[in-house]
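Below is one structure, written out as structure tokens, with a few remarks after it.
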Amino acid sequence: MNSSTNQKLEIQKVESSRIAEVDFNNLTFGSAFTDHMFECDYKDGEWQNPTIKPYGPLTISPAAKVFHYGQAVFEGMKAFKDDNGKVWLFRPEQNYLRINKSSVRLAIPEFPRDVFFEALTTLVKLDKEWVKPGQGNSLYIRPFVIATQVGVSASPSSEYKFMILMSPAQAYYTGDVKVVIADHYSRSANGGVGAAKAAGNYGAQFFPTNLAREKGFQQVIWTDASKHEYLEEAGTMNVFFRVNDTLLTAPISDRILDGVTRKSVIALAKNDNIAVEERPVSVAEIVEAAKNGSLKEIFGAGTAAVISPVSAFSYQETIYELEKQEDGFATRFKKELMDIQYNRSEDPFGWRYEVV
Ligand SMILES: *Cc1c(COP(=O)(O)O)cnc(C)c1O
């Protein structure tokens with residue numbers, strides 16, 4: 001673990017807030033940003049000059065390694081405001097641990113815990129007016145790291161920039177999600193970077209996802225790269241299947257992103273005495289369950305949309321429709337999760353983290 005430099009967090013506040021320019025009732029996910037951002041540079045073997053400053057453009061050399069070799073990782077997390085005006089993060093420790101795990105895989109130096117939490121909480125406090133109360137409203141927080149060393153030689157960068165941006169968000173409705181089960185393209189492979197939140201994983205998904213869109217589907221359910229026999233993730237979310245009253249999901253491996261929403265859903269299900277099986281889920285068994293009527297639900301789980309029900313899937317040119325479940329597992333887990341996130345229910349797992 002890289003130690004921090006014991007440098008004090010420098011805070012440069014904006015002269016005037018841009019908040020009045022933002023229409024909080026018409027937000028496009030991830031497109032408006034709060035007044036401040038966090039920036040910290042890695043140079044000479046240590047993270048230095050942690051600074052909160054006005055949100056704005058960066059000046060970076062076009063030869064910076066991130067542009068040529070894709071050495072970049074990120075996180076996605078949220079802050080929520082309860083009805084008393086208190087602001088909470090949801091399991092931020094998980095995101096802290098995961099960005100460092102992703103960094104290790106991309107040969108990026110780990111970021112110190114104390115600097116991460118001080119920057120995160122100071123930033124949320126400074127821009128707390130940007131977190132609106134009310135169901136579905138949140139502040140989407142995007143920590144990320146990029147390689148900034150100048151030079152187009154293919155080797156790990158000796159310099160990096162760690163940043164945190166924050167974007168106000170409304171409920172993220174994915175609508176009716178129809179998915180295609182992948183039988184050619186892959187998201188990740190054994191020994192690859194699928195378990196890391198690497199920027200390049202997303203770039204590589206856009207083309208096959210566009211092909212699915214052209215056919216009228218919104219997302220791809222990724223299968224194992226070697227034989228396309230096992231169901232692994234749905235788009236950029238983890239995926240769950242409900243067969244009768246049992247919840248099935250792929251086990252964590254180096255092909256699967258260890259989602260915070262996924263592990264929270266599993267904990268909630270176990271707490272509710274719902275049977276959960278974390279094991280390889282085959283395409284064949286899900287197609288069979290769809291045919292015999294035991295497949296009740298498929299849903300994606302991830303921070304942005306929380307839970308996203310799938311209404312139909314296509315496999316080798318056949319479309320299987322799922323009956324709409326008003327009171328299904330998807331609805332139930334979404335409610336339970338959001339009640340904890342907005343401080344409306346007990347938090348038996350200690351997931352809420354009070355900021356201010
Ligand atoms: C971020 C991500 C998820 C969801 O993780 P959460 O921590 O629940 O937001 C799932 N799959 C992939 C590939 C991801 O990048």
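Identifiers in this document derive from the order of the structure tokens: chains are assigned A, B, ..., residues are numbered from 1 separately in each chain, and ligands are numbered from 1 in order of occurrence.
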Next on the checklist: Could you go through region 154-250 of chain A and tell me which residues DSSP, when run on the backbone, assigns to strand (DSSP E), listing them as a PyMOL selection string?
Outcome noted: chain A and resi 160-169+177-181+219-223+230-234+237-243+246-249
For region 256-261 of chain A, work out the shell of residues within 6 Å, counting only C-alpha atoms and skipping chain neighbours fewer than 6 positions away, then give it as a PDB file with C-alpha atoms, in the first residue's frame.
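Result written to selection02.pdb:
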ATOM      1  CA  GLY A 194     -13.023  -8.495 -16.409  1.00  0.00           C
ATOM      2  CA  ALA A 195     -12.896  -8.326 -12.620  1.00  0.00           C
ATOM      3  CA  ALA A 301     -27.892  -5.247 -10.393  1.00  0.00           C
ATOM      4  CA  GLY A 302     -25.607  -2.203 -10.348  1.00  0.00           C
TER       5      GLY A 302
END
Next on the checklist: Around ligand 1, which protein and nucleic acid residues have at least one atom no more than 9 Å from it, if we count only C-alpha atoms and all ligand atoms? List them as an MDAnalysis selection string.
Outcome noted: chainID A and resid 74:77 94:95 98 187 194:199 201:202 233:239 256:264 300:306
Checklist entry - Using only C-alpha atoms, which of the listed residues (A:Asp254, A:Ser138, A:Glu354, A:Val14) sits closest to Lys101 (chain A)? => result A:Asp254
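When only C-alpha atoms are used to compute distances to Gln219 (chain A), the closest of the residues A:Asp245, A:Glu336, A:Asp176, A:Glu321 turns out to be A:Asp176.
Here the question is which of A:Ile19, A:Ala312, A:Ala72, A:Val281 gets nearest to Leu106 (chain A) using only C-alpha atoms, and that residue is A:Ala72.
Proximity ranking of A:Pro251, A:Pro57, A:Gly191, A:Pro280 relative to Tyr230 (chain A) places A:Pro280 first, based on only C-alpha atoms.
For Phe33 (chain A), the set of protein, DNA and RNA residues having any atom at most 9 Å away, when counting only C-alpha atoms and skipping those fewer than 4 positions along the same chain, is Met37, Tyr55, Leu165, Met166, Ser167 and Pro168 of chain A.
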Item to check | Which of region 85-191 of chain A fall in alpha helix (DSSP H), as a ChimeraX atom specification | outcome: /A:92-105,113-126
